[in-house]
Structures are given as C-alpha cells and as structure tokens.
$ cat protein.cif   # mmCIF, C-alpha atoms
data_target
loop_
_atom_site.label_atom_id
_atom_site.label_comp_id
_atom_site.auth_asym_id
_atom_site.auth_seq_id
_atom_site.Cartn_x
_atom_site.Cartn_y
_atom_site.Cartn_z
CA MET A 1 -9.56 21.64 -27.14
CA SER A 2 -9.41 18.10 -28.40
CA ARG A 3 -8.17 19.41 -31.71
CA LEU A 4 -4.87 20.36 -30.07
CA VAL A 5 -3.75 16.79 -29.85
CA GLY A 6 -4.99 14.43 -32.49
CA GLY A 7 -6.15 10.91 -31.86
CA ARG A 8 -3.26 8.84 -30.62
CA ALA A 9 -4.21 5.75 -32.53
CA ARG A 10 -1.94 2.79 -32.78
CA ARG A 11 0.97 3.45 -35.04
CA THR A 12 3.34 0.91 -36.41
CA GLY A 13 6.19 2.86 -37.88
CA ALA A 14 8.72 1.34 -40.21
CA GLY A 15 11.05 -0.59 -37.93
CA GLY A 16 9.53 1.17 -34.95
CA PRO A 17 7.73 -0.42 -32.06
CA ALA A 18 3.99 -0.81 -31.95
CA LEU A 19 2.90 1.68 -29.32
CA ARG A 20 -0.49 0.93 -27.98
CA PRO A 21 -1.87 2.88 -25.07
CA GLY A 22 -4.37 0.94 -23.04
CA ALA A 23 -4.92 0.01 -19.43
CA GLU A 24 -1.15 0.06 -18.98
CA PRO A 25 0.35 3.28 -17.69
CA VAL A 26 1.91 5.28 -20.50
CA LEU A 27 5.16 5.34 -18.57
CA ARG A 28 6.27 2.94 -15.88
CA ALA A 29 9.56 3.06 -14.04
CA THR A 30 10.45 0.08 -11.87
CA ALA A 31 13.34 0.21 -9.36
CA LEU A 32 14.94 2.70 -11.71
CA SER A 33 18.52 3.69 -10.88
CA ARG A 34 21.30 5.69 -12.44
CA VAL A 35 24.67 5.61 -10.77
CA TYR A 36 27.69 7.64 -11.84
CA GLY A 37 31.29 6.91 -10.93
CA ARG A 38 32.40 4.23 -8.55
CA GLY A 39 33.94 3.71 -5.14
CA GLU A 40 34.15 6.87 -3.08
CA SER A 41 33.01 9.11 -5.93
CA LEU A 42 29.88 7.05 -6.53
CA VAL A 43 26.81 9.21 -7.08
CA ARG A 44 23.32 7.73 -7.01
CA ALA A 45 21.57 10.31 -9.20
CA VAL A 46 18.41 8.20 -9.37
CA ASP A 47 18.08 5.59 -6.67
CA GLY A 48 15.32 2.98 -6.95
CA VAL A 49 12.43 5.00 -8.32
CA ASP A 50 9.05 3.32 -8.90
CA LEU A 51 6.66 5.50 -10.83
CA ASP A 52 3.56 4.98 -12.98
CA VAL A 53 2.23 7.74 -15.21
CA PRO A 54 -1.29 6.89 -16.40
CA ALA A 55 -2.58 8.13 -19.75
CA GLY A 56 -3.74 11.72 -19.68
CA GLN A 57 -2.00 12.63 -16.45
CA THR A 58 0.05 15.78 -16.00
CA LEU A 59 2.80 14.88 -13.57
CA ALA A 60 5.20 17.41 -12.05
CA VAL A 61 8.55 16.21 -10.70
CA THR A 62 10.04 18.65 -8.21
CA GLY A 63 12.97 18.87 -5.86
CA PRO A 64 16.06 20.95 -5.15
CA SER A 65 18.78 21.16 -7.77
CA GLY A 66 20.89 18.03 -7.81
CA CYS A 67 18.05 15.83 -6.54
CA GLY A 68 18.10 13.79 -9.76
CA LYS A 69 14.94 15.09 -11.42
CA SER A 70 16.52 15.85 -14.78
CA THR A 71 18.34 12.53 -14.81
CA LEU A 72 15.03 10.79 -14.08
CA LEU A 73 13.42 12.56 -17.03
CA GLN A 74 16.28 11.54 -19.32
CA LEU A 75 15.92 7.92 -18.24
CA LEU A 76 12.15 8.02 -18.83
CA GLY A 77 12.71 9.44 -22.29
CA GLY A 78 15.48 7.09 -23.38
CA LEU A 79 18.05 9.90 -23.51
CA ASP A 80 20.10 8.15 -20.86
CA ARG A 81 20.38 4.51 -19.86
CA PRO A 82 19.64 3.28 -16.36
CA THR A 83 22.23 1.30 -14.41
CA GLY A 84 19.37 -0.61 -12.78
CA GLY A 85 15.64 -1.16 -13.13
CA GLN A 86 13.33 -0.78 -16.08
CA VAL A 87 11.40 1.80 -18.07
CA ARG A 88 8.28 0.83 -19.97
CA LEU A 89 6.51 3.02 -22.50
CA ALA A 90 2.96 1.82 -23.13
CA GLY A 91 3.94 -1.55 -21.72
CA ARG A 92 7.07 -2.03 -23.80
CA ARG A 93 10.52 -2.05 -22.23
CA ILE A 94 12.66 0.70 -23.66
CA ASP A 95 15.64 0.78 -21.30
CA HIS A 96 17.60 -1.90 -23.14
CA LEU A 97 16.75 -0.95 -26.73
CA GLY A 98 19.55 -0.41 -29.21
CA GLU A 99 20.50 3.08 -30.35
CA ARG A 100 18.52 2.86 -33.58
CA ALA A 101 15.33 1.63 -31.97
CA LEU A 102 15.69 4.25 -29.25
CA ALA A 103 16.10 7.03 -31.78
CA GLY A 104 12.95 5.90 -33.56
CA LEU A 105 11.10 5.73 -30.31
CA ARG A 106 12.19 9.20 -29.24
CA ARG A 107 10.99 10.48 -32.58
CA ARG A 108 7.54 8.85 -32.53
CA GLY A 109 6.61 7.99 -29.00
CA ILE A 110 8.04 10.83 -26.94
CA GLY A 111 8.07 14.61 -27.32
CA PHE A 112 10.80 16.58 -25.55
CA VAL A 113 10.74 20.18 -24.36
CA PHE A 114 13.88 21.71 -22.85
CA GLN A 115 14.66 24.78 -20.78
CA ASP A 116 16.73 26.41 -23.52
CA PHE A 117 14.36 25.41 -26.35
CA HIS A 118 16.96 23.49 -28.46
CA LEU A 119 15.64 24.96 -31.72
CA MET A 120 17.71 24.94 -34.90
CA ASP A 121 18.76 28.58 -35.27
CA GLU A 122 18.98 28.54 -39.05
CA LEU A 123 15.54 27.02 -39.56
CA SER A 124 12.27 28.92 -39.40
CA ALA A 125 9.66 28.13 -36.74
CA ALA A 126 7.69 26.05 -39.26
CA GLU A 127 10.80 24.17 -40.42
CA ASN A 128 11.75 23.39 -36.83
CA VAL A 129 8.33 21.85 -36.29
CA GLU A 130 8.34 19.97 -39.62
CA LEU A 131 11.72 18.38 -39.05
CA PRO A 132 10.74 15.58 -36.65
CA ALA A 133 7.72 14.77 -38.84
CA LEU A 134 10.00 14.40 -41.86
CA LEU A 135 12.47 12.31 -39.85
CA ALA A 136 9.59 10.06 -38.82
CA GLY A 137 8.75 9.44 -42.48
CA ALA A 138 5.98 11.94 -43.21
CA SER A 139 5.83 13.35 -46.74
CA PRO A 140 7.00 16.99 -47.07
CA ARG A 141 3.44 18.04 -47.71
CA THR A 142 2.04 16.20 -44.69
CA ALA A 143 4.83 17.56 -42.50
CA ARG A 144 4.11 21.10 -43.69
CA ASP A 145 0.38 20.75 -43.10
CA ARG A 146 0.84 19.29 -39.64
CA ALA A 147 3.36 21.94 -38.64
CA ALA A 148 1.08 24.72 -39.83
CA ALA A 149 -1.87 23.30 -37.92
CA ILE A 150 0.08 22.89 -34.69
CA LEU A 151 1.70 26.31 -34.90
CA ASP A 152 -1.77 27.74 -35.31
CA ARG A 153 -2.87 25.92 -32.19
CA VAL A 154 0.00 27.24 -30.09
CA GLY A 155 -0.90 30.73 -31.30
CA LEU A 156 2.04 31.23 -33.68
CA ALA A 157 0.45 30.98 -37.13
CA GLY A 158 1.68 34.50 -37.89
CA ARG A 159 5.26 33.67 -36.89
CA ALA A 160 5.75 30.47 -38.88
CA ARG A 161 8.40 31.97 -41.18
CA HIS A 162 10.37 33.67 -38.42
CA LEU A 163 13.75 32.43 -37.30
CA PRO A 164 14.10 31.60 -33.60
CA SER A 165 16.27 34.72 -33.18
CA GLU A 166 13.28 36.80 -34.26
CA LEU A 167 11.03 35.33 -31.58
CA SER A 168 10.67 36.04 -27.86
CA GLY A 169 11.60 33.37 -25.33
CA GLY A 170 7.97 32.45 -24.77
CA GLN A 171 7.36 32.17 -28.51
CA ARG A 172 10.46 30.00 -28.95
CA GLN A 173 9.23 27.68 -26.25
CA ARG A 174 5.85 27.46 -27.95
CA VAL A 175 7.62 26.48 -31.17
CA ALA A 176 9.50 23.82 -29.19
CA ILE A 177 6.23 22.53 -27.75
CA ALA A 178 4.70 22.44 -31.25
CA ARG A 179 7.73 20.46 -32.40
CA ALA A 180 7.31 18.05 -29.48
CA LEU A 181 3.68 17.47 -30.49
CA VAL A 182 4.08 17.12 -34.24
CA ASN A 183 4.36 13.33 -34.21
CA GLU A 184 1.51 12.95 -31.72
CA PRO A 185 3.66 11.41 -28.99
CA LEU A 186 2.34 9.17 -26.24
CA VAL A 187 3.98 11.44 -23.71
CA VAL A 188 5.60 14.87 -23.65
CA LEU A 189 8.59 15.21 -21.31
CA ALA A 190 9.50 18.77 -20.38
CA ASP A 191 12.65 19.71 -18.44
CA GLU A 192 12.28 23.11 -16.71
CA PRO A 193 10.19 24.40 -19.63
CA THR A 194 9.69 27.80 -18.02
CA GLY A 195 13.17 28.10 -16.52
CA ASN A 196 14.27 30.79 -18.98
CA LEU A 197 10.97 32.66 -19.19
CA ASP A 198 9.56 35.72 -17.45
CA SER A 199 6.29 35.41 -15.57
CA ALA A 200 4.02 36.51 -18.44
CA ALA A 201 5.60 33.98 -20.82
CA THR A 202 5.47 31.36 -18.07
CA HIS A 203 1.73 31.94 -17.73
CA ASP A 204 1.33 31.50 -21.51
CA ILE A 205 3.16 28.18 -21.44
CA LEU A 206 1.13 27.00 -18.45
CA ARG A 207 -2.10 27.90 -20.23
CA LEU A 208 -0.89 25.91 -23.23
CA PHE A 209 -0.08 22.93 -20.97
CA GLY A 210 -3.59 23.29 -19.55
CA GLU A 211 -5.00 22.95 -23.07
CA LEU A 212 -2.84 19.89 -23.75
CA ARG A 213 -4.05 18.35 -20.52
CA ALA A 214 -7.68 19.05 -21.41
CA ALA A 215 -7.02 17.29 -24.71
CA GLY A 216 -5.77 14.20 -22.88
CA GLN A 217 -2.05 14.59 -23.57
CA THR A 218 0.14 12.77 -21.04
CA LEU A 219 2.74 15.21 -19.76
CA VAL A 220 5.69 14.96 -17.38
CA VAL A 221 7.18 18.27 -16.29
CA VAL A 222 10.38 18.58 -14.29
CA THR A 223 10.44 21.90 -12.48
CA HIS A 224 11.86 23.61 -9.42
CA ASP A 225 9.07 26.21 -9.69
CA GLU A 226 6.29 25.42 -7.21
CA ARG A 227 3.80 27.46 -9.22
CA VAL A 228 4.46 25.38 -12.32
CA ALA A 229 4.16 22.19 -10.28
CA ALA A 230 0.87 23.39 -8.82
CA THR A 231 -0.75 23.31 -12.26
CA ALA A 232 -0.23 19.53 -12.53
CA ASP A 233 -2.62 16.74 -11.55
CA ARG A 234 0.03 15.21 -9.36
CA VAL A 235 3.34 16.30 -7.86
CA VAL A 236 6.15 13.96 -6.87
CA SER A 237 9.20 15.19 -4.97
CA LEU A 238 12.69 13.81 -5.35
CA ARG A 239 15.46 13.98 -2.72
CA ASP A 240 18.84 12.45 -3.38
CA GLY A 241 17.44 10.39 -6.22
CA THR A 242 14.55 8.95 -4.21
CA LEU A 243 10.84 9.77 -4.39
CA VAL A 244 9.85 11.21 -1.03
CA ASP A 245 6.38 12.55 -1.68
CA ASP A 246 3.50 11.94 -4.05
CA THR A 247 0.67 14.47 -3.85
CA ARG A 248 -2.48 14.52 -5.93
CA LEU A 249 -3.89 17.97 -6.45
CA GLY A 250 -7.47 16.83 -6.93
CA GLU A 251 -9.00 18.23 -3.76
CA THR A 252 -8.14 21.84 -3.13
CA THR A 253 -9.17 24.58 -0.76
CA PRO A 254 -11.72 27.01 -2.18
CA LEU A 255 -10.18 30.46 -2.34
CA GLY A 256 -13.23 32.00 -0.73
CA ALA A 257 -12.09 30.45 2.56
CA LEU A 258 -9.18 32.89 2.60
CA LEU A 259 -11.32 35.91 3.24
CA SER A 260 -12.60 36.48 6.74
CA TRP A 261 -15.18 39.20 6.52
CA GLU A 262 -15.34 40.91 9.84
CA GLY A 263 -17.80 43.65 9.08
CA MET B 20 0.08 31.34 21.68
CA GLN B 21 -2.02 29.16 24.00
CA ASP B 22 -1.41 26.07 21.89
CA VAL B 23 2.32 26.75 21.76
CA VAL B 24 2.59 27.14 25.53
CA LEU B 25 0.60 23.94 26.04
CA ALA B 26 2.82 22.09 23.62
CA LEU B 27 5.98 23.28 25.37
CA LEU B 28 4.55 21.96 28.66
CA ALA B 29 4.02 18.55 27.05
CA LYS B 30 7.75 17.87 27.36
CA GLU B 31 7.80 18.42 31.12
CA PRO B 32 6.15 20.67 33.75
CA SER B 33 7.73 24.08 33.68
CA HIS B 34 7.55 27.62 35.09
CA GLY B 35 6.90 30.87 33.26
CA TYR B 36 10.53 32.00 33.09
CA ASP B 37 11.61 28.72 31.57
CA LEU B 38 8.78 28.83 29.01
CA ARG B 39 9.76 32.38 28.06
CA ARG B 40 13.41 31.32 27.67
CA ARG B 41 12.44 28.47 25.36
CA LEU B 42 10.12 30.69 23.32
CA VAL B 43 12.80 33.38 22.94
CA ALA B 44 15.31 30.73 21.85
CA ALA B 45 12.90 29.58 19.13
CA LEU B 46 11.79 33.07 18.08
CA GLY B 47 15.12 34.92 18.02
CA PRO B 48 14.65 38.65 17.41
CA LEU B 49 10.89 38.13 16.99
CA GLY B 50 10.76 37.13 20.65
CA GLU B 51 12.55 40.25 21.93
CA THR B 52 9.37 41.96 23.09
CA LEU B 53 7.92 38.86 24.71
CA ASN B 54 7.94 39.35 28.49
CA VAL B 55 7.35 36.84 31.20
CA GLY B 56 4.17 38.67 32.27
CA GLN B 57 2.54 37.76 28.95
CA VAL B 58 3.51 34.13 29.45
CA TYR B 59 1.93 34.14 32.92
CA VAL B 60 -1.25 35.75 31.56
CA THR B 61 -1.52 32.88 29.06
CA LEU B 62 -0.79 30.32 31.80
CA THR B 63 -3.50 31.81 34.00
CA ARG B 64 -6.04 31.59 31.18
CA LEU B 65 -5.05 28.00 30.46
CA GLU B 66 -5.43 27.21 34.16
CA LYS B 67 -8.94 28.69 34.23
CA ALA B 68 -9.81 26.62 31.18
CA GLY B 69 -8.70 23.50 33.05
CA LEU B 70 -5.87 22.75 30.63
CA VAL B 71 -2.98 23.21 33.07
CA VAL B 72 -2.56 22.95 36.87
CA GLN B 73 -0.04 24.52 39.21
CA GLU B 74 2.38 22.35 41.04
CA ARG B 75 5.10 23.25 43.55
CA GLU B 76 8.62 22.63 42.40
CA ASP B 77 10.01 19.86 44.59
CA THR B 78 13.46 20.98 45.60
CA PRO B 79 14.97 23.82 43.61
CA VAL B 80 18.70 23.56 43.03
CA ARG B 81 18.93 27.18 44.13
CA GLY B 82 16.66 30.15 44.62
CA PRO B 83 13.05 30.16 45.80
CA ARG B 84 10.52 27.47 44.98
CA ARG B 85 8.57 28.57 41.93
CA LYS B 86 5.17 27.73 40.57
CA VAL B 87 5.46 24.98 38.04
CA TYR B 88 2.68 24.35 35.55
CA ALA B 89 1.75 20.93 34.21
CA LEU B 90 -0.72 19.75 31.59
CA THR B 91 -4.02 18.24 32.68
CA ALA B 92 -5.50 15.34 30.71
CA ALA B 93 -7.64 17.86 28.83
CA GLY B 94 -4.52 19.94 28.11
CA GLN B 95 -2.71 16.89 26.81
CA GLU B 96 -5.66 16.09 24.55
CA ARG B 97 -5.68 19.59 23.13
CA VAL B 98 -1.96 19.50 22.35
CA VAL B 99 -2.32 16.21 20.50
CA ALA B 100 -5.27 17.62 18.51
CA TRP B 101 -3.32 20.80 17.68
CA MET B 102 -0.36 18.77 16.43
CA ALA B 103 -2.63 16.70 14.19
CA GLU B 104 -4.67 19.49 12.65
CA GLY B 105 -3.63 21.28 9.47
CA ALA B 106 -2.38 24.84 9.83
CA GLY B 107 -4.91 26.11 7.29
CA PRO B 108 -4.38 28.49 4.37
CA LYS B 109 -4.17 31.56 6.56
CA ALA B 110 -1.50 30.31 8.98
CA ASP B 111 1.67 32.36 9.14
CA VAL B 112 5.26 31.23 9.17
CA THR B 113 5.87 31.96 12.87
CA GLU B 114 2.92 29.89 14.01
CA PHE B 115 4.02 26.88 11.98
CA HIS B 116 7.63 27.30 13.05
CA LEU B 117 6.63 27.19 16.73
CA LYS B 118 4.57 24.11 16.03
CA LEU B 119 7.65 22.37 14.62
CA VAL B 120 9.76 23.40 17.61
CA ALA B 121 7.06 22.24 20.04
CA ALA B 122 6.62 18.98 18.15
CA ALA B 123 10.33 18.23 18.33
CA GLU B 124 10.65 19.21 22.01
CA SER B 125 7.59 17.30 23.18
CA GLY B 126 8.15 14.30 20.95
CA LEU B 127 4.39 14.31 20.26
CA ALA B 128 4.82 14.60 16.50
CA ASP B 129 7.58 14.20 13.94
CA PRO B 130 8.50 17.66 12.59
CA LEU B 131 9.21 16.11 9.17
CA ALA B 132 5.72 14.60 9.03
CA LEU B 133 4.28 18.03 9.86
CA VAL B 134 6.39 19.60 7.11
CA ASP B 135 5.12 17.01 4.61
CA ALA B 136 1.51 17.61 5.59
CA ARG B 137 1.98 21.37 5.37
CA ARG B 138 3.61 21.02 1.94
CA ARG B 139 0.63 19.06 0.64
CA GLU B 140 -1.77 21.55 2.12
CA LEU B 141 0.09 24.50 0.57
CA LEU B 142 0.48 22.79 -2.81
CA ARG B 143 -3.27 22.24 -2.96
CA SER B 144 -3.94 25.85 -2.02
CA LEU B 145 -1.37 27.00 -4.56
CA ALA B 146 -2.99 24.80 -7.22
CA GLU B 147 -6.29 26.51 -6.63
CA VAL B 148 -4.86 30.03 -6.77
CA GLN B 149 -2.59 29.26 -9.72
CA ARG B 150 -5.58 28.00 -11.70
CA ALA B 151 -7.33 31.26 -10.91
CA VAL B 152 -4.21 33.26 -11.87
CA LEU B 153 -4.16 31.63 -15.30
CA ALA B 154 -7.87 32.30 -15.79
CA HIS B 155 -7.60 35.99 -14.92
CA ASP B 156 -5.96 38.90 -16.64
CA THR B 157 -2.81 39.72 -14.64
CA ASN B 158 -3.55 43.40 -15.11
CA SER B 159 -6.98 43.19 -13.52
CA GLU B 160 -7.50 43.98 -9.84
CA ALA B 161 -8.50 40.41 -9.08
CA GLY B 162 -5.52 39.08 -11.05
CA LEU B 163 -3.16 41.27 -9.05
CA LEU B 164 -4.45 39.94 -5.74
CA LEU B 165 -4.23 36.33 -6.96
CA GLU B 166 -0.62 36.93 -8.03
CA GLY B 167 0.23 38.19 -4.55
CA ILE B 168 -1.33 35.17 -2.86
CA ALA B 169 0.40 32.76 -5.25
CA LEU B 170 3.80 34.37 -4.60
CA ARG B 171 3.29 34.18 -0.84
CA TRP B 172 2.50 30.48 -0.91
CA GLN B 173 5.37 29.80 -3.26
CA ALA B 174 7.68 31.53 -0.78
CA GLU B 175 6.34 29.42 2.06
CA LEU B 176 6.83 26.21 0.06
CA ARG B 177 10.48 27.20 -0.44
CA TRP B 178 10.82 27.87 3.24
CA LEU B 179 9.43 24.37 3.93
CA GLU B 180 12.38 22.96 1.97
CA ALA B 181 14.70 24.70 4.42
CA CYS B 182 12.62 23.34 7.32
CA GLU B 183 12.91 19.86 5.90
CA ARG B 184 16.69 20.09 5.58
CA THR B 185 17.17 21.44 9.09
CA TRP B 186 14.81 19.10 10.88
CA SER B 187 16.01 16.02 9.04
CA ALA B 188 19.61 16.90 9.93
CA ARG B 189 18.56 17.27 13.58
CA GLY B 190 16.69 14.00 13.47
CA LYS B 191 19.87 12.25 12.35
CA SER B 192 22.06 13.91 14.98
CA GLY B 193 19.62 12.86 17.70
CA GLY B 194 17.59 15.93 18.54
CA ASN B 195 18.32 19.57 19.28
CA ALA B 196 19.63 19.44 22.83
#

$ encode --input "protein.cif" --output "structure tokens"
Amino acid sequence: MSRLVGGRARRTGAGGPALRPGAEPVLRATALSRVYGRGESLVRAVDGVDLDVPAGQTLAVTGPSGCGKSTLLQLLGGLDRPTGGQVRLAGRRIDHLGERALAGLRRRGIGFVFQDFHLMDELSAAENVELPALLAGASPRTARDRAAAILDRVGLAGRARHLPSELSGGQRQRVAIARALVNEPLVVLADEPTGNLDSAATHDILRLFGELRAAGQTLVVVTHDERVAATADRVVSLRDGTLVDDTRLGETTPLGALLSWEG
Amino acid sequence: MQDVVLALLAKEPSHGYDLRRRLVAALGPLGETLNVGQVYVTLTRLEKAGLVVQEREDTPVRGPRRKVYALTAAGQERVVAWMAEGAGPKADVTEFHLKLVAAAESGLADPLALVDARRRELLRSLAEVQRAVLAHDTNSEAGLLLEGIALRWQAELRWLEACERTWSARGKSGGNA
C-alpha cells in the first residue's frame, strides 16, 4: 500500500515554504476562532479550538450541521482566515500568510476533497488530476505520468479519458481524491466526502481512505456520518464551534461479544 | 428493571404506586402495560436480596399509611456501580433512557457524562463493525448482518445527539421538576 502515497520528502518549491514533517504535528490549531458579524448578530463559528493532528493520523471531525466543522476545515486548509488564534502546518504558521503564499501552500502542502467533487467539467479525469501538478510547476510529462499512476491506484486507469459527466458519483470522488494526492500533500482535508454518495460508493471511498491511512497519509475528514467517522483513528466532536469530545478508536469491542449463544 | 427501581429510590424513599407513576412518566406509551403489581414483585425481590427495606410512611397527607421502600447501604452501592458501568454493546435504547432519567432524578450521575461515555462506547463498537463491513462483501450473508448492526449503532449514535440536546437544556434550566 505504500505505493499509494509516495515519500513525502522535504520539498522547497519556488517561492513556496519549506515543509518539513518531523516531530511536530502536521497540523496544529491554537485557540483558533472565526467570528462572523458583530454586535447582536455575532456568530462564533469556531470558538477557541486547540487541535493537534500528528503525522499519519486519520482524524474525523463530527457534529450537527452548523456546529462549525466545515469552517474549522477551511481555517485549517487556509481557505478562510481566522479572526483569532493560529494554524501551523508542519510547524510553520499559515494563518497570516499573504494570498500568493497561501495559494502556493494549498497547491503543494494540502489536498482538498469536497462533497460535490469540484471537478472541471470540460476536462477529462486525467486532466483534472494533472492540473494541480502543472500549477505546482511539474513538467507536462511528469504531470501526466503522476496522474496516470494515481488514477491507477484509485482504480480508475480505464476511465482516465472520461469527462466527469461520464462517471458515477463514486468515480468522480475518486478522481477528486487522486487530484488531492497528486502533489503528495502533507495532509488531505476532506469536507463531507461521502455526502453525495450512495452506500456502495461510500464504502469504496472508505476503503480508499483505509489504503491512504495504511500508507501513512495524514487525513482530516469532516463528516456528519457516524459510520464514516468510525473508520478514523480519532473522532473529535464540535458543538457551537467548540470541541466537546475527543475519542480515540484504538481499543474496540470484539464483535464476537455480541453473540450470546444460549444453546 | 431492578437497577432502575433501585436508582429511582436513590432520590428518596418511595412506595410502589409512586415508582410506577415515575416509570410511566419516563416510558410514555411503552409503560402502558406496566402495572403496580410488577413493581411490587421487583421490590419484594430487592428486599429479599437485602437491597431495600420497608419503612412506614410517617404521616400521610391523606389516605392510608403505605409501605415505603428505602435503599439499604448495599442497595446504594449497587446503584452507584450501575451508574458507573458501561451499558455494553447489547444494551437497548429503553434501558439507557431509564438510566439517564434515574441519573438525573437521583443526582448520582450527570446524564451528559453518561451520554458522552455511551457515545464513546458506541463509536468504538461501530468502528469495529464498520471495519468488518468494509472487509466483507455486502452481498454475502455475513456482510448483510454486519450492515444491519452498523446501521443500528449509527441510529443510536444519532439518538444520543438528541439526548445530549435535551439533557443539556434541562441542566441549564435547573432540572426537570
């Protein structure tokens, strides 16, 4: 499985930050807050969140709709700016970077997966995956090779030339995951990645996440689906912008205990 | 039901009719068939086990003096242990619901803490079954059973969210008098 995610060696992109995973958590949020509006209409979407995501961890963020979980993910990924606190990616503060630096960081350091896929409709599956590699400075040939390899690994080698409209929802999401992985990001952030999928496609995506996890990919998944959350190493719950629970799923109950054989 | 009756007595000594009334209030339509005879059978068993004792009601406001049951030290111990122990993967919704009600009434445990513990317990169970679901063909017999178990626990986790909302609102408004 380690072939799914290549070595995440130190990269120093042109003008980009040096991202060096080490003892530091891949992601660290400190007293992170995002407030909208003011006065009586003030909304604390994220309210003083402290969170460390160590390398290789699969973290699920759950909570009812409106609890702030998507906002938290956007803050962690540099898609939104906090009104308080800090975000560090591999030890480096990213919350106060300029637009250009942030864009570079989002391209190289972070992979995003969204509920509604966000694929370019007029580009083929392969072209969708190549695009971020090209934007990050890879040669067309390298981008093509990397996209082909990753599409193969998400089980879509035979669909590389298809347009998104010719793919099922589950296949589109696998293309989106391949695109998120193409620049070998330090962390993949997924916002309700199975929200638009039926249960069979959801199982496919969860199996794929399982492979990424086995390969050591750090992954943060926002989900309201308890069954998706249950596949993570750790589940944190948000209520009104605050972390209220942090559960590690290491120790579990053997399923055999469910059966009482009264013969 | 023994643990529930004990827990309801932890608030204050009580008689069978009062216990039945409180159980019916907590159970709604599910408590329709519960009669006071069943409650007294349980009380008698608990008495034999040394967990409750009969007392005479001091001065009834009206009507005859009734038998009032109170927890013994052993009964008190058992209630505390029951509150602290996990419900286990096989527990049903009614059982856990009554535990929350009894916890709130007796003040022996915080219902929200019980909900949190139950959520962790269910998440871990769900993690185990979900791993098995992904490793099995959904169309196999084993896969079908695993899917059913996963859906049941998912449903209970959603119900726990409702529990959390209700009990935290009650906590803020100062109990459910």

$ resolve_selection --input "protein.cif" --expression "the PyMOL selection byres ((chain A and resi 179-190) around 7)" --output "ChimeraX atom specification"
/A:5-6,8,26,73,108-114,128-129,133,146-147,175-178,191-193,217-222

$ resolve_selection --input "protein.cif" --expression "the PyMOL selection byres ((chain A) within 12 of (chain B))" --output "PyMOL selection string"
chain A and resi 60+62-65+199-211+224-240+244-260

$ resolve_selection --input "protein.cif" --expression "the PyMOL selection byres ((chain A and resi 157-163) around 9)" --output "PyMOL selection string"
chain A and resi 120-127+147-156+164-167+171+175

$ residues_near_point --input "protein.cif" --point "(17.1, 9.1, -22.5)" --cutoff "10 Å" --atoms "all atoms listed in the file" --output "ChimeraX atom specification"
/A:71-82,94-95,102-103,106

$ closest_residue --input "protein.cif" --among "A:Ala90, A:Leu97, A:Leu212, A:Leu131" --to "Gly56 (chain A)" --atoms "only C-alpha atoms"
A:Leu212

$ atom_distance --input "protein.cif" --atom1 "CA of Leu135 (chain A)" --atom2 "CA of Arg107 (chain A)"
7.6 Å

$ atom_distance --input "protein.cif" --atom1 "CA of Gly56 (chain B)" --atom2 "CA of Leu25 (chain B)"
16.4 Å

$ atom_distance --input "protein.cif" --atom1 "CA of Leu32 (chain A)" --atom2 "CA of Val49 (chain A)"
4.8 Å

$ residues_around --input "protein.cif" --residues "Asp129 (chain B)" --least-positions-apart "4" --cutoff "12 Å" --atoms "only C-alpha atoms" --output "ChimeraX atom specification"
/B:102-103,118-125,133-136,183,186-187,189-190,194

$ closest_residue --input "protein.cif" --among "B:Leu70, B:Ala100, B:Ala92, B:Leu42" --to "His116 (chain B)" --atoms "all atoms listed in the file"
B:Leu42

$ residues_around --input "protein.cif" --residues "Arg64 (chain B)" --least-positions-apart "4" --cutoff "12 Å" --atoms "only C-alpha atoms" --output "list of chain:residue names"
B:Met20, B:Gln21, B:Asp22, B:Val24, B:Leu25, B:Gln57, B:Val58, B:Tyr59, B:Val60, B:Ala68, B:Gly69, B:Leu70, B:Val71, B:Val72

$ residues_around --input "protein.cif" --residues "Ala89 (chain B)" --least-positions-apart "4" --cutoff "12 Å" --atoms "only C-alpha atoms" --output "number ranges by chain"
B: 24-35, 38, 62, 65-66, 69-76, 93-95

$ write_last_selection --input "protein.cif" --atoms "C-alpha atoms" --output "PDB file, in the frame of the given file"
ATOM      1  CA  VAL B  24       2.590  27.140  25.530  1.00  0.00           C
ATOM      2  CA  LEU B  25       0.600  23.940  26.040  1.00  0.00           C
ATOM      3  CA  ALA B  26       2.820  22.090  23.620  1.00  0.00           C
ATOM      4  CA  LEU B  27       5.980  23.280  25.370  1.00  0.00           C
ATOM      5  CA  LEU B  28       4.550  21.960  28.660  1.00  0.00           C
ATOM      6  CA  ALA B  29       4.020  18.550  27.050  1.00  0.00           C
ATOM      7  CA  LYS B  30       7.750  17.870  27.360  1.00  0.00           C
ATOM      8  CA  GLU B  31       7.800  18.420  31.120  1.00  0.00           C
ATOM      9  CA  PRO B  32       6.150  20.670  33.750  1.00  0.00           C
ATOM     10  CA  SER B  33       7.730  24.080  33.680  1.00  0.00           C
ATOM     11  CA  HIS B  34       7.550  27.620  35.090  1.00  0.00           C
ATOM     12  CA  GLY B  35       6.900  30.870  33.260  1.00  0.00           C
ATOM     13  CA  LEU B  38       8.780  28.830  29.010  1.00  0.00           C
ATOM     14  CA  LEU B  62      -0.790  30.320  31.800  1.00  0.00           C
ATOM     15  CA  LEU B  65      -5.050  28.000  30.460  1.00  0.00           C
ATOM     16  CA  GLU B  66      -5.430  27.210  34.160  1.00  0.00           C
ATOM     17  CA  GLY B  69      -8.700  23.500  33.050  1.00  0.00           C
ATOM     18  CA  LEU B  70      -5.870  22.750  30.630  1.00  0.00           C
ATOM     19  CA  VAL B  71      -2.980  23.210  33.070  1.00  0.00           C
ATOM     20  CA  VAL B  72      -2.560  22.950  36.870  1.00  0.00           C
ATOM     21  CA  GLN B  73      -0.040  24.520  39.210  1.00  0.00           C
ATOM     22  CA  GLU B  74       2.380  22.350  41.040  1.00  0.00           C
ATOM     23  CA  ARG B  75       5.100  23.250  43.550  1.00  0.00           C
ATOM     24  CA  GLU B  76       8.620  22.630  42.400  1.00  0.00           C
ATOM     25  CA  ALA B  93      -7.640  17.860  28.830  1.00  0.00           C
ATOM     26  CA  GLY B  94      -4.520  19.940  28.110  1.00  0.00           C
ATOM     27  CA  GLN B  95      -2.710  16.890  26.810  1.00  0.00           C
TER      28      GLN B  95
END

$ closest_residue --input "protein.cif" --among "B:Val23, B:Val112, B:Leu49, B:Val43" --to "Thr61 (chain B)" --atoms "all atoms listed in the file"
B:Val23

$ closest_residue --input "protein.cif" --among "B:Arg41, B:Glu51, B:Leu127, B:Arg85" --to "Val98 (chain B)" --atoms "all atoms listed in the file"
B:Leu127
